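Have a look at the structure below, then the notes.
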Amino acid sequence: MDMIKVSANSRTSAVAGAIAGVVREHHRAEVQAIGAGAVNQAVKALVLATGYLKNDGIYVTCVPEFADVTIDEKVRTAIKLVIEPSADSNFSSLRFSSSIRSEMPRAA
């Protein structure tokens with residue numbers, strides 16, 4: 001799975017479509033942005049993607065992280081958004097990690 005890289009000039013609808021597509025296919029997406037403008041576009045795209053996925057019964061959570069990235073031999077700090085389906089998502093073949101599985105209600 002490739003990292004979705006966002007710049008300040010990225011189209012939010014295109015990034016949102018990429019996020020939704022990757023989550024549908026790989027059940028996880030990672031978005032990387034460096035700088036305030038890029039982070040702004042990434043967060044707006046995440047909001048749009050959340051709506052796209054919700055229409056399919058897929059509910060996601062996002063965990064932001066810092067990531068060090070080397071560009072032109074200089075280390076920059078990026079924001080990485082890790083997007084994963086929540087336990088109540090509608091994936092017929094979704095496999096939950098043990099931490100999510102333990103939080104799911106048991107069938108009677």
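In the structure tokens, chains take the letters A, B, ... in the order shown, each chain's residues start at 1, and ligands count up from 1 in the order shown.
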Problem set entry | helix (DSSP H, G or I) positions in chain A, given as a ChimeraX atom specification | /A:12-26,36-54,98-103
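Taking CA of Val22 in chain A and CA of Ser7 in chain A as endpoints, the distance between them is 18.3 Å.
Distances to Asn40 in chain A were evaluated for A:Asp56, A:Val15, A:Ser89, A:Ala67 using only C-alpha atoms, and the minimum falls at A:Val15.
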For this session: Name all residues at most 12 Å from Arg76 in chain A (count only C-alpha atoms; drop same-chain ones fewer than 5 positions away) and give them as JSON, numbers by chain.
Result: {"A": [32, 33, 34, 35, 66, 67, 68, 69, 70, 71]}
Dump as a PDB file, in the first residue's frame, selection limited to N, CA, C and O atoms:
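Dumped everything to out_36.pdb:
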ATOM      1  N   GLN A  32       0.068  11.532   4.235  1.00  0.00           N
ATOM      2  CA  GLN A  32       1.203  12.297   4.755  1.00  0.00           C
ATOM      3  C   GLN A  32       1.150  13.718   4.231  1.00  0.00           C
ATOM      4  O   GLN A  32       0.899  13.939   3.053  1.00  0.00           O
ATOM      5  N   ALA A  33       1.379  14.691   5.118  1.00  0.00           N
ATOM      6  CA  ALA A  33       1.368  16.104   4.746  1.00  0.00           C
ATOM      7  C   ALA A  33       2.458  16.840   5.503  1.00  0.00           C
ATOM      8  O   ALA A  33       2.687  16.581   6.685  1.00  0.00           O
ATOM      9  N   ILE A  34       3.123  17.750   4.798  1.00  0.00           N
ATOM     10  CA  ILE A  34       4.161  18.576   5.416  1.00  0.00           C
ATOM     11  C   ILE A  34       3.771  20.031   5.233  1.00  0.00           C
ATOM     12  O   ILE A  34       3.596  20.494   4.104  1.00  0.00           O
ATOM     13  N   GLY A  35       3.607  20.751   6.330  1.00  0.00           N
ATOM     14  CA  GLY A  35       3.243  22.163   6.287  1.00  0.00           C
ATOM     15  C   GLY A  35       1.767  22.372   6.565  1.00  0.00           C
ATOM     16  O   GLY A  35       0.935  21.486   6.355  1.00  0.00           O
ATOM     17  N   PHE A  66       3.319  11.877  14.124  1.00  0.00           N
ATOM     18  CA  PHE A  66       4.443  12.597  13.520  1.00  0.00           C
ATOM     19  C   PHE A  66       5.300  11.590  12.774  1.00  0.00           C
ATOM     20  O   PHE A  66       5.427  10.440  13.186  1.00  0.00           O
ATOM     21  N   ALA A  67       5.898  12.041  11.676  1.00  0.00           N
ATOM     22  CA  ALA A  67       6.817  11.194  10.921  1.00  0.00           C
ATOM     23  C   ALA A  67       7.968  12.061  10.428  1.00  0.00           C
ATOM     24  O   ALA A  67       7.743  13.182   9.952  1.00  0.00           O
ATOM     25  N   ASP A  68       9.179  11.561  10.559  1.00  0.00           N
ATOM     26  CA  ASP A  68      10.338  12.268  10.017  1.00  0.00           C
ATOM     27  C   ASP A  68      10.538  11.844   8.574  1.00  0.00           C
ATOM     28  O   ASP A  68      10.532  10.654   8.257  1.00  0.00           O
ATOM     29  N   VAL A  69      10.679  12.838   7.691  1.00  0.00           N
ATOM     30  CA  VAL A  69      10.838  12.598   6.259  1.00  0.00           C
ATOM     31  C   VAL A  69      12.080  13.334   5.801  1.00  0.00           C
ATOM     32  O   VAL A  69      12.295  14.496   6.166  1.00  0.00           O
ATOM     33  N   THR A  70      12.914  12.665   5.000  1.00  0.00           N
ATOM     34  CA  THR A  70      14.112  13.312   4.463  1.00  0.00           C
ATOM     35  C   THR A  70      13.822  13.794   3.053  1.00  0.00           C
ATOM     36  O   THR A  70      13.459  13.011   2.176  1.00  0.00           O
ATOM     37  N   ILE A  71      13.973  15.105   2.847  1.00  0.00           N
ATOM     38  CA  ILE A  71      13.776  15.725   1.538  1.00  0.00           C
ATOM     39  C   ILE A  71      15.011  16.573   1.246  1.00  0.00           C
ATOM     40  O   ILE A  71      15.345  17.474   2.023  1.00  0.00           O
TER      41      ILE A  71
END
Problem set entry | Polymer residues at most 7 Å from Gly57 in chain A, only C-alpha atoms, same-chain spacing of 2 or more positions, as a PyMOL selection string | chain A and resi 53-55+59+89-90
Export of the given selection (N, CA, C and O atoms) as a short mmCIF file (atom, residue, chain, number, x, y, z; two decimals), in the first residue's frame:
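Output contents, as saved in result.cif:
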data_model
loop_
_atom_site.label_atom_id
_atom_site.label_comp_id
_atom_site.auth_asym_id
_atom_site.auth_seq_id
_atom_site.Cartn_x
_atom_site.Cartn_y
_atom_site.Cartn_z
N LEU A 53 -17.27 7.02 2.56
CA LEU A 53 -17.22 5.67 3.13
C LEU A 53 -18.46 5.36 3.96
O LEU A 53 -18.96 4.24 3.96
N LYS A 54 -18.96 6.37 4.66
CA LYS A 54 -20.15 6.17 5.50
C LYS A 54 -21.34 5.73 4.65
O LYS A 54 -22.16 4.93 5.08
N ASN A 55 -21.41 6.23 3.40
CA ASN A 55 -22.49 5.82 2.49
C ASN A 55 -22.43 4.33 2.18
O ASN A 55 -23.43 3.73 1.79
N TYR A 59 -17.23 2.89 8.57
CA TYR A 59 -16.95 3.96 9.51
C TYR A 59 -15.48 3.89 9.88
O TYR A 59 -14.97 2.81 10.18
N SER A 89 -17.89 -1.28 11.10
CA SER A 89 -17.92 -1.12 9.66
C SER A 89 -18.48 -2.35 8.97
O SER A 89 -18.40 -3.45 9.48
N ASN A 90 -19.01 -2.14 7.78
CA ASN A 90 -19.67 -3.20 7.03
C ASN A 90 -18.72 -3.79 5.98
O ASN A 90 -18.87 -3.55 4.79
#
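Coordinates place CA of Lys44 in chain A at a distance of 21.3 Å from CA of Glu25 in chain A.
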Problem set entry | Ala45 in chain A environment, 7 Å, only C-alpha atoms, sequence neighbours closer than 3 positions dropped, as a PyMOL selection string | chain A and resi 12-13+15-16+41-42+48-49
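Here the DSSP assignment of strand (DSSP E or B), based on backbone atoms, applies within range 43-88 of chain A to A:Val60, A:Thr61, A:Cys62, A:Val63, A:Pro64, A:Glu65, A:Phe66, A:Ala67, A:Asp68, A:Val69, A:Thr70, A:Ile71, A:Lys74, A:Val75, A:Arg76, A:Thr77, A:Ala78, A:Ile79, A:Lys80, A:Leu81, A:Val82, A:Ile83, A:Glu84, A:Pro85.
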Problem set entry | d(CA of Gly37 in chain A, CA of Met3 in chain A) in Å | 18.2 Å
